[in-house]
Every structure is written in C-alpha cells, then in structure tokens.
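Pasting upload_2.tsv here (TSV, C-alpha atoms):
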```tsv
chain	number	residue	atom	x	y	z
A	832	MET	CA	-30.02	-31.65	-39.50
A	833	ASN	CA	-26.30	-31.46	-38.88
A	834	ALA	CA	-24.65	-28.05	-38.91
A	835	PRO	CA	-22.27	-27.49	-41.82
A	836	GLN	CA	-18.59	-28.01	-41.19
A	837	PRO	CA	-16.95	-24.75	-40.17
A	838	SER	CA	-14.91	-22.81	-42.69
A	839	THR	CA	-11.51	-21.53	-41.67
A	840	VAL	CA	-10.98	-17.77	-41.55
A	841	TYR	CA	-7.43	-16.54	-40.97
A	842	PHE	CA	-6.93	-13.29	-39.07
A	843	ALA	CA	-4.01	-10.92	-38.62
A	844	GLY	CA	-4.18	-8.04	-36.19
A	845	LEU	CA	-2.58	-4.66	-36.81
A	846	ARG	CA	-0.08	-4.31	-33.96
A	847	ALA	CA	3.45	-4.14	-35.33
A	848	ARG	CA	6.86	-3.66	-33.68
A	849	GLY	CA	9.08	-4.51	-36.61
A	850	PRO	CA	9.24	-5.17	-40.38
A	851	LYS	CA	8.08	-8.77	-40.04
A	852	ASP	CA	4.85	-7.50	-38.52
A	853	ASN	CA	3.94	-4.79	-41.00
A	854	LYS	CA	0.76	-5.07	-43.06
A	855	LEU	CA	2.59	-6.19	-46.20
A	856	SER	CA	4.24	-9.06	-44.34
A	857	ARG	CA	0.96	-10.05	-42.74
A	858	ILE	CA	-0.87	-10.10	-46.07
A	859	ALA	CA	1.83	-12.43	-47.42
A	860	LYS	CA	1.50	-14.68	-44.35
A	861	LEU	CA	-2.28	-14.79	-44.69
A	862	PHE	CA	-1.96	-15.65	-48.39
A	863	ASP	CA	0.40	-18.53	-47.64
A	864	LYS	CA	-1.47	-19.82	-44.60
A	865	ALA	CA	-4.76	-19.91	-46.48
A	866	GLY	CA	-3.17	-21.80	-49.37
A	867	PHE	CA	-4.03	-19.25	-52.03
A	868	LYS	CA	-1.03	-20.19	-54.18
A	869	SER	CA	-3.23	-22.81	-55.89
A	870	LEU	CA	-4.95	-19.89	-57.65
A	871	ALA	CA	-1.72	-19.00	-59.42
A	872	ALA	CA	-0.79	-22.21	-61.21
A	873	ASP	CA	0.47	-22.24	-64.81
A	874	GLY	CA	0.40	-18.52	-65.50
A	875	ALA	CA	-3.22	-18.12	-64.43
A	876	LEU	CA	-4.92	-14.90	-65.45
A	877	THR	CA	-6.01	-14.04	-61.93
A	878	ALA	CA	-8.53	-11.26	-61.33
A	879	VAL	CA	-7.83	-9.20	-58.24
A	880	LYS	CA	-11.32	-7.81	-57.68
A	881	VAL	CA	-11.00	-4.47	-55.92
A	882	HIS	CA	-13.02	-1.27	-55.52
A	883	PHE	CA	-11.02	1.64	-56.90
A	884	GLY	CA	-13.10	4.20	-54.97
A	885	GLU	CA	-15.22	7.08	-56.20
A	886	LEU	CA	-13.40	10.38	-56.64
A	887	GLY	CA	-13.52	12.22	-53.32
A	888	ASN	CA	-13.39	8.97	-51.36
A	889	ASP	CA	-10.06	8.14	-49.67
A	890	THR	CA	-10.81	5.06	-47.55
A	891	PHE	CA	-10.74	2.45	-50.32
A	892	ILE	CA	-8.04	-0.19	-49.82
A	893	SER	CA	-4.64	1.32	-50.51
A	894	PRO	CA	-2.91	0.18	-53.72
A	895	VAL	CA	0.18	-0.39	-51.58
A	896	LEU	CA	-1.71	-3.13	-49.72
A	897	VAL	CA	-3.24	-4.53	-52.90
A	898	ARG	CA	0.32	-4.76	-54.25
A	899	ALA	CA	1.13	-7.29	-51.52
A	900	VAL	CA	-1.58	-9.61	-52.90
A	901	VAL	CA	-0.40	-9.05	-56.48
A	902	ASP	CA	3.23	-9.78	-55.58
A	903	ARG	CA	2.26	-13.04	-53.90
A	904	LEU	CA	0.31	-14.15	-56.96
A	905	ARG	CA	3.25	-13.32	-59.20
A	906	LYS	CA	5.65	-15.19	-56.92
A	907	HIS	CA	3.63	-18.35	-57.46
A	908	GLY	CA	3.34	-17.96	-61.23
A	909	ALA	CA	0.09	-16.06	-61.81
A	910	ASN	CA	-0.44	-13.23	-64.27
A	911	PRO	CA	-2.72	-10.99	-62.16
A	912	PHE	CA	-4.79	-7.99	-63.18
A	913	LEU	CA	-6.81	-5.52	-61.10
A	914	THR	CA	-10.46	-5.25	-62.03
A	915	ASP	CA	-13.86	-3.73	-61.28
A	916	THR	CA	-17.03	-2.95	-63.26
A	917	ALA	CA	-18.93	0.16	-64.35
A	918	THR	CA	-21.28	1.86	-61.91
A	919	LEU	CA	-25.03	2.15	-62.36
A	920	TYR	CA	-25.03	5.75	-61.18
A	921	SER	CA	-23.29	8.62	-62.93
A	922	GLY	CA	-19.90	9.51	-61.46
A	923	SER	CA	-16.19	8.96	-61.94
A	924	ARG	CA	-16.48	5.23	-62.81
A	925	HIS	CA	-19.51	5.11	-65.13
A	926	ASN	CA	-17.49	4.07	-68.20
A	927	ALA	CA	-14.10	2.43	-68.65
A	928	VAL	CA	-12.27	5.60	-69.65
A	929	ASP	CA	-13.40	7.56	-66.60
A	930	HIS	CA	-12.92	4.49	-64.44
A	931	LEU	CA	-9.33	3.98	-65.54
A	932	ARG	CA	-8.60	7.66	-65.04
A	933	THR	CA	-9.89	7.28	-61.47
A	934	THR	CA	-7.68	4.22	-60.86
A	935	VAL	CA	-4.62	6.29	-61.72
A	936	MET	CA	-5.74	9.26	-59.62
A	937	HIS	CA	-6.18	6.90	-56.67
A	938	GLY	CA	-2.74	5.38	-57.06
A	939	PHE	CA	-3.57	2.11	-58.83
A	940	SER	CA	-0.91	2.61	-61.47
A	941	TYR	CA	1.14	-0.33	-62.71
A	942	GLU	CA	4.19	1.07	-60.94
A	943	THR	CA	2.41	1.15	-57.55
A	944	ALA	CA	-0.01	-1.77	-57.67
A	945	GLY	CA	2.18	-4.10	-59.75
A	946	ALA	CA	-0.52	-5.16	-62.22
A	947	PRO	CA	-2.55	-3.58	-65.02
A	948	ALA	CA	-6.14	-2.49	-64.44
A	949	LEU	CA	-8.89	-3.91	-66.66
A	950	ILE	CA	-12.53	-2.89	-66.46
A	951	ALA	CA	-14.24	-6.27	-66.60
A	952	ASP	CA	-17.46	-5.27	-68.38
A	953	GLY	CA	-15.91	-3.28	-71.21
A	954	LEU	CA	-15.97	0.29	-72.43
A	955	ARG	CA	-19.62	1.07	-71.60
A	956	GLY	CA	-20.54	-1.80	-69.29
A	957	ASN	CA	-22.01	-3.93	-72.09
A	958	ASP	CA	-19.56	-6.84	-72.03
A	959	TRP	CA	-21.27	-9.50	-69.94
A	960	ARG	CA	-22.79	-12.98	-70.12
A	961	GLU	CA	-25.61	-14.70	-68.30
A	962	VAL	CA	-25.01	-17.33	-65.63
A	963	GLU	CA	-27.81	-19.72	-64.70
A	964	VAL	CA	-28.62	-19.77	-60.96
A	965	ASN	CA	-32.30	-20.88	-60.78
A	966	LEU	CA	-33.08	-19.16	-57.49
A	967	LYS	CA	-35.99	-17.28	-55.94
A	968	HIS	CA	-35.54	-13.95	-57.70
A	969	PHE	CA	-33.42	-14.83	-60.73
A	970	LYS	CA	-33.12	-17.74	-63.10
A	971	LYS	CA	-30.07	-16.12	-64.67
A	972	VAL	CA	-27.77	-13.30	-63.61
A	973	LYS	CA	-25.52	-10.99	-65.64
A	974	ILE	CA	-21.80	-11.24	-64.85
A	975	ALA	CA	-18.95	-9.27	-66.48
A	976	SER	CA	-17.07	-11.23	-69.12
A	977	GLY	CA	-13.68	-10.26	-67.68
A	978	ILE	CA	-14.65	-12.01	-64.43
A	979	LEU	CA	-15.98	-15.12	-66.14
A	980	ASP	CA	-12.98	-15.38	-68.48
A	981	SER	CA	-10.40	-15.16	-65.70
A	982	ASP	CA	-8.75	-18.39	-64.56
A	983	SER	CA	-9.07	-17.51	-60.88
A	984	MET	CA	-9.99	-14.59	-58.66
A	985	ILE	CA	-9.18	-13.01	-55.32
A	986	ALA	CA	-11.86	-10.62	-54.06
A	987	VAL	CA	-10.11	-7.95	-52.00
A	988	SER	CA	-12.83	-6.20	-50.03
A	989	HIS	CA	-13.03	-3.21	-47.71
A	990	PHE	CA	-15.50	-4.21	-45.00
A	991	LYS	CA	-17.61	-1.19	-44.02
A	992	GLY	CA	-21.18	0.01	-43.64
A	993	HIS	CA	-23.80	0.59	-46.33
A	994	GLU	CA	-27.06	2.51	-46.08
A	995	MET	CA	-29.05	-0.13	-47.98
A	996	ALA	CA	-27.08	-3.38	-47.59
A	997	GLY	CA	-26.25	-2.75	-43.90
A	998	PHE	CA	-22.63	-3.65	-44.55
A	999	GLY	CA	-20.48	-4.48	-47.54
A	1000	GLY	CA	-17.77	-7.11	-47.65
A	1001	ALA	CA	-16.95	-10.12	-49.81
A	1002	ILE	CA	-20.58	-10.90	-50.72
A	1003	LYS	CA	-21.33	-7.39	-51.90
A	1004	ASN	CA	-18.00	-7.20	-53.74
A	1005	LEU	CA	-19.00	-10.30	-55.71
A	1006	ALA	CA	-22.58	-9.20	-56.32
A	1007	MET	CA	-22.34	-5.55	-57.27
A	1008	GLY	CA	-18.65	-5.58	-58.14
A	1009	CYS	CA	-18.78	-8.42	-60.67
A	1010	SER	CA	-21.96	-7.34	-62.44
A	1011	PRO	CA	-22.37	-4.75	-65.20
A	1012	PRO	CA	-24.78	-1.80	-64.84
A	1013	ALA	CA	-27.60	-3.99	-66.19
A	1014	GLY	CA	-26.94	-6.50	-63.39
A	1015	LYS	CA	-26.73	-3.77	-60.79
A	1016	ARG	CA	-30.09	-2.52	-62.05
A	1017	ASP	CA	-31.53	-6.03	-61.57
A	1018	GLN	CA	-30.40	-6.01	-57.95
A	1019	HIS	CA	-31.56	-2.48	-57.10
A	1020	SER	CA	-35.28	-3.18	-56.84
A	1021	PRO	CA	-36.21	-0.39	-54.37
A	1022	ARG	CA	-37.79	2.80	-55.67
A	1023	PHE	CA	-37.37	6.09	-53.84
A	1024	GLN	CA	-39.63	8.92	-52.78
A	1025	VAL	CA	-39.16	12.51	-51.63
A	1026	SER	CA	-40.60	14.13	-48.53
A	1027	ALA	CA	-41.51	17.60	-49.78
A	1028	GLY	CA	-41.40	18.97	-46.24
A	1029	LYS	CA	-37.74	18.02	-45.86
A	1030	CYS	CA	-36.60	18.91	-49.40
A	1031	VAL	CA	-34.64	22.18	-49.57
A	1032	GLY	CA	-34.31	22.23	-53.36
A	1033	CYS	CA	-30.52	21.84	-53.47
A	1034	ALA	CA	-30.77	19.69	-56.64
A	1035	GLU	CA	-27.95	17.32	-55.61
A	1036	CYS	CA	-30.29	14.40	-56.39
A	1037	LEU	CA	-30.86	15.79	-59.87
A	1038	ARG	CA	-27.12	16.04	-60.43
A	1039	VAL	CA	-26.36	12.38	-59.62
A	1040	CYS	CA	-29.40	10.61	-61.10
A	1041	PRO	CA	-28.23	8.48	-64.06
A	1042	GLU	CA	-31.75	8.17	-65.54
A	1043	ASN	CA	-33.05	11.77	-65.21
A	1044	ALA	CA	-35.78	10.43	-62.95
A	1045	VAL	CA	-35.67	13.48	-60.63
A	1046	LYS	CA	-38.06	16.30	-61.54
A	1047	PHE	CA	-38.40	19.74	-59.95
A	1048	ALA	CA	-41.55	21.78	-59.37
A	1049	ALA	CA	-41.86	24.77	-57.05
A	1050	LYS	CA	-38.25	24.21	-55.97
A	1051	LYS	CA	-39.06	20.73	-54.65
A	1052	ALA	CA	-37.75	17.43	-55.98
A	1053	ALA	CA	-39.93	14.51	-57.02
A	1054	ILE	CA	-38.90	11.11	-58.36
A	1055	ASP	CA	-40.57	9.52	-61.37
A	1056	LYS	CA	-40.80	5.91	-60.22
A	1057	SER	CA	-41.31	4.69	-63.77
A	1058	MET	CA	-37.82	5.99	-64.63
A	1059	CYS	CA	-36.04	5.23	-61.33
A	1060	VAL	CA	-33.63	2.26	-61.46
A	1061	GLY	CA	-33.14	2.15	-57.69
A	1062	CYS	CA	-29.41	2.90	-57.56
A	1063	GLY	CA	-29.86	4.96	-54.36
A	1064	GLU	CA	-27.41	7.74	-55.23
A	1065	CYS	CA	-30.10	10.36	-54.64
A	1066	MET	CA	-30.63	9.10	-51.10
A	1067	THR	CA	-26.89	9.00	-50.49
A	1068	VAL	CA	-26.30	12.64	-51.43
A	1069	CYS	CA	-29.46	14.11	-49.86
A	1070	ARG	CA	-28.20	16.24	-46.97
A	1071	THR	CA	-31.62	16.66	-45.31
A	1072	LYS	CA	-32.58	12.97	-45.66
A	1073	ALA	CA	-35.67	13.94	-47.63
A	1074	ILE	CA	-35.33	10.87	-49.87
A	1075	SER	CA	-36.24	7.43	-48.57
A	1076	MET	CA	-37.85	4.15	-49.51
A	1077	ASP	CA	-40.21	1.65	-47.93
A	1078	TRP	CA	-37.55	0.06	-45.74
A	1079	ALA	CA	-39.81	-2.64	-44.28
A	1080	THR	CA	-40.88	-4.20	-47.58
A	1081	GLU	CA	-38.13	-3.40	-50.09
A	1082	LEU	CA	-34.84	-4.13	-48.32
A	1083	GLY	CA	-35.39	-7.87	-47.97
A	1084	PRO	CA	-35.78	-8.52	-51.72
A	1085	PHE	CA	-32.90	-6.15	-52.50
A	1086	THR	CA	-30.59	-8.06	-50.14
A	1087	GLU	CA	-31.62	-11.47	-51.45
A	1088	LYS	CA	-31.14	-10.37	-55.06
A	1089	MET	CA	-27.67	-9.16	-54.20
A	1090	VAL	CA	-26.80	-12.54	-52.68
A	1091	GLU	CA	-28.10	-14.42	-55.73
A	1092	TYR	CA	-25.83	-12.31	-57.91
A	1093	ALA	CA	-22.89	-13.10	-55.62
A	1094	LEU	CA	-23.49	-16.81	-56.17
A	1095	GLY	CA	-23.66	-16.26	-59.92
A	1096	ALA	CA	-20.26	-14.55	-59.88
A	1097	VAL	CA	-18.55	-17.68	-58.52
A	1098	LYS	CA	-20.81	-20.50	-59.69
A	1099	ASN	CA	-18.78	-23.58	-60.69
A	1100	ARG	CA	-15.55	-21.78	-59.71
A	1101	GLN	CA	-15.75	-21.50	-55.93
A	1102	ASP	CA	-12.53	-23.52	-55.66
A	1103	LYS	CA	-10.87	-20.88	-57.85
A	1104	THR	CA	-12.02	-17.87	-55.82
A	1105	ALA	CA	-10.53	-16.64	-52.54
A	1106	TYR	CA	-11.10	-13.64	-50.29
A	1107	PHE	CA	-9.28	-10.95	-48.37
A	1108	ASN	CA	-11.33	-8.61	-46.15
A	1109	PHE	CA	-9.76	-5.49	-44.68
A	1110	LEU	CA	-11.19	-4.27	-41.36
A	1111	VAL	CA	-9.66	-0.80	-41.54
A	1112	ASN	CA	-11.35	2.59	-41.98
A	1113	ILE	CA	-14.70	1.02	-41.10
A	1114	THR	CA	-16.86	3.87	-42.33
A	1115	PRO	CA	-20.68	4.08	-42.48
A	1116	ASP	CA	-20.80	4.22	-46.28
A	1117	CYS	CA	-19.69	2.33	-49.37
A	1118	ASP	CA	-16.56	3.51	-51.17
A	1119	CYS	CA	-18.97	4.50	-53.96
A	1120	ALA	CA	-19.67	7.65	-51.94
A	1121	SER	CA	-17.63	10.65	-53.08
A	1122	TRP	CA	-16.52	11.30	-49.49
A	1123	SER	CA	-15.22	9.31	-46.52
A	1124	ASP	CA	-16.97	9.74	-43.17
A	1125	ALA	CA	-15.29	9.05	-39.84
A	1126	PRO	CA	-14.97	5.35	-38.85
A	1127	ILE	CA	-17.61	3.93	-36.50
A	1128	VAL	CA	-15.16	1.56	-34.72
A	1129	PRO	CA	-11.35	1.35	-34.49
A	1130	ASP	CA	-9.28	-0.50	-37.08
A	1131	ILE	CA	-9.19	-4.25	-36.39
A	1132	GLY	CA	-7.17	-6.30	-38.86
A	1133	ILE	CA	-7.05	-8.30	-42.08
A	1134	LEU	CA	-8.82	-11.61	-42.82
A	1135	ALA	CA	-8.45	-14.31	-45.47
A	1136	SER	CA	-10.65	-17.28	-46.37
A	1137	TRP	CA	-11.99	-19.44	-49.18
A	1138	ASP	CA	-15.55	-18.82	-47.93
A	1139	PRO	CA	-17.23	-15.43	-48.57
A	1140	VAL	CA	-19.99	-16.03	-46.04
A	1141	ALA	CA	-17.65	-17.11	-43.26
A	1142	ILE	CA	-15.27	-14.20	-43.80
A	1143	ASP	CA	-18.11	-11.65	-43.78
A	1144	LYS	CA	-19.61	-13.25	-40.65
A	1145	ALA	CA	-16.22	-13.14	-38.92
A	1146	CYS	CA	-15.85	-9.47	-39.87
A	1147	LEU	CA	-19.31	-8.65	-38.55
A	1148	ASP	CA	-18.57	-10.41	-35.26
A	1149	LEU	CA	-15.23	-8.62	-34.87
A	1150	VAL	CA	-16.82	-5.24	-35.57
A	1151	ASN	CA	-19.59	-5.88	-33.06
A	1152	ARG	CA	-17.06	-6.73	-30.34
A	1153	GLN	CA	-15.59	-3.23	-30.52
A	1154	HIS	CA	-16.41	-0.11	-28.54
A	1155	GLY	CA	-18.23	2.17	-30.94
A	1156	LEU	CA	-16.67	5.57	-31.65
A	1157	HIS	CA	-18.62	8.57	-30.43
A	1158	GLY	CA	-18.75	11.50	-32.80
A	1159	SER	CA	-19.29	9.17	-35.78
A	1160	GLN	CA	-22.45	8.25	-37.71
A	1161	LEU	CA	-23.01	5.51	-35.13
A	1162	GLY	CA	-26.07	6.51	-33.12
A	1163	SER	CA	-26.54	3.53	-30.76
A	1164	ASN	CA	-25.14	0.10	-29.85
A	1165	PHE	CA	-21.81	1.59	-28.74
A	1166	ASP	CA	-20.99	-1.14	-26.21
A	1167	PRO	CA	-19.14	-4.35	-27.18
A	1168	GLY	CA	-21.70	-6.87	-28.44
A	1169	GLY	CA	-23.99	-4.21	-29.85
A	1170	HIS	CA	-24.79	-4.46	-33.56
A	1171	LYS	CA	-22.77	-1.57	-34.94
A	1172	PHE	CA	-24.30	-1.44	-38.41
A	1173	LEU	CA	-27.85	-1.45	-37.03
A	1174	GLY	CA	-26.68	1.33	-34.75
A	1175	THR	CA	-25.59	3.19	-37.88
A	1176	TRP	CA	-28.41	2.39	-40.33
A	1177	LYS	CA	-31.31	1.16	-38.23
A	1178	HIS	CA	-33.55	0.08	-41.12
A	1179	THR	CA	-31.07	-2.27	-42.76
A	1180	GLN	CA	-31.12	-6.08	-42.90
A	1181	GLY	CA	-27.44	-6.80	-43.37
A	1182	ASP	CA	-27.57	-10.11	-41.50
A	1183	LEU	CA	-29.93	-11.41	-44.19
A	1184	GLN	CA	-26.94	-11.42	-46.54
A	1185	LEU	CA	-25.38	-14.14	-44.42
A	1186	SER	CA	-28.42	-16.30	-43.72
A	1187	TYR	CA	-29.68	-16.26	-47.31
A	1188	ALA	CA	-26.18	-16.84	-48.69
A	1189	GLU	CA	-25.89	-19.93	-46.49
A	1190	GLU	CA	-29.35	-21.08	-47.59
A	1191	ILE	CA	-28.47	-20.99	-51.30
A	1192	GLY	CA	-25.06	-22.62	-50.86
A	1193	LEU	CA	-22.66	-19.70	-51.21
A	1194	GLY	CA	-20.92	-20.60	-47.94
A	1195	THR	CA	-21.48	-21.09	-44.23
A	1196	ARG	CA	-21.80	-18.79	-41.21
A	1197	ASN	CA	-20.07	-21.48	-39.17
A	1198	TYR	CA	-16.38	-20.60	-38.99
A	1199	VAL	CA	-13.19	-21.09	-37.02
A	1200	LEU	CA	-11.02	-17.99	-36.63
A	1201	LYS	CA	-7.30	-18.72	-36.70
A	1202	GLU	CA	-4.99	-15.86	-35.79
A	1203	ILE	CA	-1.56	-15.86	-37.38
```
Reformat the file's structure so that it appears as structure tokens.
Amino acid sequence: MNAPQPSTVYFAGLRARGPKDNKLSRIAKLFDKAGFKSLAADGALTAVKVHFGELGNDTFISPVLVRAVVDRLRKHGANPFLTDTATLYSGSRHNAVDHLRTTVMHGFSYETAGAPALIADGLRGNDWREVEVNLKHFKKVKIASGILDSDSMIAVSHFKGHEMAGFGGAIKNLAMGCSPPAGKRDQHSPRFQVSAGKCVGCAECLRVCPENAVKFAAKKAAIDKSMCVGCGECMTVCRTKAISMDWATELGPFTEKMVEYALGAVKNRQDKTAYFNFLVNITPDCDCASWSDAPIVPDIGILASWDPVAIDKACLDLVNRQHGLHGSQLGSNFDPGGHKFLGTWKHTQGDLQLSYAEEIGLGTRNYVLKEI
C-alpha cells in the first residue's frame, strides 16, 4: 500500500532581530504562505477556535497573537469571531456568562483581540447538533452549533502536555474544544478511584467535581463511579496523586473517542478548516488547569497547516528534538530524541491520537516541514 502524500506544515522560528521578524509578522507570513485567505471569501463568518484559559492559568495563547490571525482574516474579507465551548467540569468557563467574563479577564476583549467572542454551544452548553461519523466508538457525535454554522474555521492551538491525552494540539482542540459538555462526557470514558492511603482529606476533589460524585467518610475521599463522568478534574487537582484510573485499559478508548470527535468537528468541511499551533510555554498540563507549571522544553516556534494530524505530528517531533528542562515536571527522556510527553506522563498514549486519526481519515502523519 502506498504511503499517503505528505501534507505541508509551515514553520516559523522565534529568533527576531527586527520588526519584520516579530511574532505578529511571522503569523501573517504563515497565514499567507499556507494560503489561508481562501477561508475569508465573501464576508465569511470565520470561527477562530481558541482556548481562553481557566482562571489562574496564564500560558494560554496571548490575545495579542490571536489578533494577528484575526487581522489577516479581516484583511481578506472575513468576519471573524473568537469561540470556545463550555467545560464539563465546574470552573470559570462552565456557562457562557462565566466564560465570557473569563475571556475579558484574560485580555480577549474586542479592543485587544479585534473580534467578538461567542460561546459556540450557547448559554448552558445545550446548543449542539449531531454529526454522523459511523466509527468504532460513535455513530454520531455532538458538535456545537456555533462551530457547525460558521462558514470556515481556524483552530488556533497551544501545543502542550496533558495528563490523560499525553499532549494537546489541533486534534484535541477540535475534539474537546468543539463539543458541548454532553460531547465531552461522551469522550471521557475513564472512571477514577482513590487510594485511601495517599488521601489526606484536603477535599479539593470535592470542590471541583461537577457531578457531586466525591464522597467523604472518615476524612477520606471516595468516588461514586455511577455518578462520575470521567472529566478528570479530581485527578488534576489532587496534590498527593491519590486519584488515578486504570491507565492500561482506559486510556486507549478515551484517546480514540477524542479523535472520532475531532473528525466530527470538521466532517465535510476539511477544506474550510485550517490550523495554527503555537510551540511556546510548552507546559505539562492543559490550559484547563487553574495554574501554569514550568515548561518542559524551551519555546520553539509557530506552525501552520491544513492538516491537523500533520501539524500535531510536526509539533511532537520538534518537541522531542529539544533538550528537556530540568526542574520541570519532566522526569525522564531529557536528551534530544527522547519522548518528552512520555517522560512527563508515563502512562499516556498520546501517539495513538496520530495513528488513529490517520486511520479514520482525519489527516496524515506524513509531512514536509517548510520553514519561512
């Protein structure tokens, strides 16, 4: 069987010695080189799919950089809007009112970002439609109406680590970011358990659980699996790592479900969806965390492509070529060539995102990197 034709991924490094080399200029060059202006024809309502960041997090993509994408879309005739969807867990983005308040607190005002913010799944995350995919785990997936109703989309993703997904980039931004809470619940199949010996009774897990699935007895937490929706917030906030899951059996299905949702987000509109990935502030955790840990590798650059699989594969390869940063969450694989995300979260299966995405036709791992 012949290998698929390689997708082109454009790359801009971060060295700059003048205004023509600053990040804003390089984003504009990447946009033009990749031919993204076709997304903007005839006043297109173009979704700029971003992650606005949980309150307390400060490593989400800066609205100043997002503005460079917005300005380029406007230059070519689009009518862009910034968008994201409600979270499954409780927090600062669980409904549209709180979410929009967070966008302003994080600098995504119209004055700064150049476009209005719209929460794509409505006031309470109930505005969505089903998209038929007919895959292993799902026949249909739930995608926010604001995504489906847009004329085109640019997914602007912060490439970083993730304790369950291994890493998050364009694929995860499509899957989790374009689905309502009900769709996120579909994807989060794992159920969690508490090691009583490690639990110190701090009740942080109780505070963040959106379903009241955490119970306390004798100052120890326990999780009611019949109520757990698998969002993983309890595991994220547990300081003693008392909360875990069956990594060997549950992560594979979780990852595949996420990829099937990513395909649903762009089905029949892959020629109307493009991608920017930012390899800066490459932290161990998703921007859903209400903190920002130290980066595990140095900043690398910015990438653009029409292929979400190719751009994520290129990002993974670039990260793995770096010297890992000591004093970070990275615990092994420091040398160039070592798998940095497995050195950070050893149980994860992040590479499965790429292989399964290629298998179901979301894109190809075969790419050509062109530096501008």
Proximity to Thr934 in chain A - best of A:Glu1064, A:Glu1202, A:Glu1035, A:Asp915, only C-alpha atoms: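 Smallest distance to Thr934 in chain A is found for A:Asp915.
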Counting all atoms listed in the file, note down every residue that has an atom within 9 Å of the point (-38.3, 14.4, -50.1) (file coordinates), as a list in words.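 Within the cut-off we find Gln1024, Val1025, Ser1026, Ala1027, Gly1028, Lys1029, Cys1030, Val1031, Lys1051, Ala1052, Ala1053, Ile1054, Cys1069, Thr1071, Lys1072, Ala1073, Ile1074 and Ser1075 of chain A.
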Distance query Gly1181 in chain A at most 12 Å, all atoms listed in the file, self and fewer than 6 positions along chain excluded, as a compact mmCIF listing (two decimals) with C-alpha atoms, in the coordinates of the input:
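Saved the output as result02.txt:
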```txt
# COMPACT_ATOMS: atom_id res chain seq x y z
CA LYS A 991 -17.61 -1.19 -44.02
CA GLY A 992 -21.18 0.01 -43.64
CA HIS A 993 -23.80 0.59 -46.33
CA GLU A 994 -27.06 2.51 -46.08
CA MET A 995 -29.05 -0.13 -47.98
CA ALA A 996 -27.08 -3.38 -47.59
CA GLY A 997 -26.25 -2.75 -43.90
CA PHE A 998 -22.63 -3.65 -44.55
CA GLY A 999 -20.48 -4.48 -47.54
CA GLY A 1000 -17.77 -7.11 -47.65
CA ILE A 1002 -20.58 -10.90 -50.72
CA LYS A 1003 -21.33 -7.39 -51.90
CA LEU A 1082 -34.84 -4.13 -48.32
CA GLY A 1083 -35.39 -7.87 -47.97
CA PRO A 1084 -35.78 -8.52 -51.72
CA PHE A 1085 -32.90 -6.15 -52.50
CA THR A 1086 -30.59 -8.06 -50.14
CA GLU A 1087 -31.62 -11.47 -51.45
CA MET A 1089 -27.67 -9.16 -54.20
CA VAL A 1090 -26.80 -12.54 -52.68
CA ASP A 1143 -18.11 -11.65 -43.78
CA LYS A 1144 -19.61 -13.25 -40.65
CA LEU A 1147 -19.31 -8.65 -38.55
CA HIS A 1170 -24.79 -4.46 -33.56
CA LYS A 1171 -22.77 -1.57 -34.94
CA PHE A 1172 -24.30 -1.44 -38.41
CA LEU A 1173 -27.85 -1.45 -37.03
CA GLY A 1174 -26.68 1.33 -34.75
CA THR A 1175 -25.59 3.19 -37.88
CA TYR A 1187 -29.68 -16.26 -47.31
CA ALA A 1188 -26.18 -16.84 -48.69
```
Can you tell me, as a list in words, what residues are no more than 6 Å from range 949-958 of chain A when counting only C-alpha atoms, ignoring any on the same chain fewer than 6 positions away? Thr914, Asp915, Thr916, Ala917, Asn926, Ala927, Ala975, Ser976, Gly977 and Pro1011 of chain A
For CA of Asn853 in chain A and CA of Asp902 in chain A, quote the distance in Å rounded to one decimal.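 We find that CA of Asn853 in chain A and CA of Asp902 in chain A lie 15.4 Å from each other.
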Show which residues sit within 10 Å of Thr933 in chain A, as number ranges by chain. Count only C-alpha atoms, and ignore same-chain residues fewer than 4 positions away. A: 883-886, 923-924, 927-929, 937-939
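With all atoms listed in the file as the basis for measurement, A:Thr1104 is the residue among A:Thr1104, A:Asn1151, A:Ser988, A:Ser1010 that approaches Leu1193 in chain A most closely.
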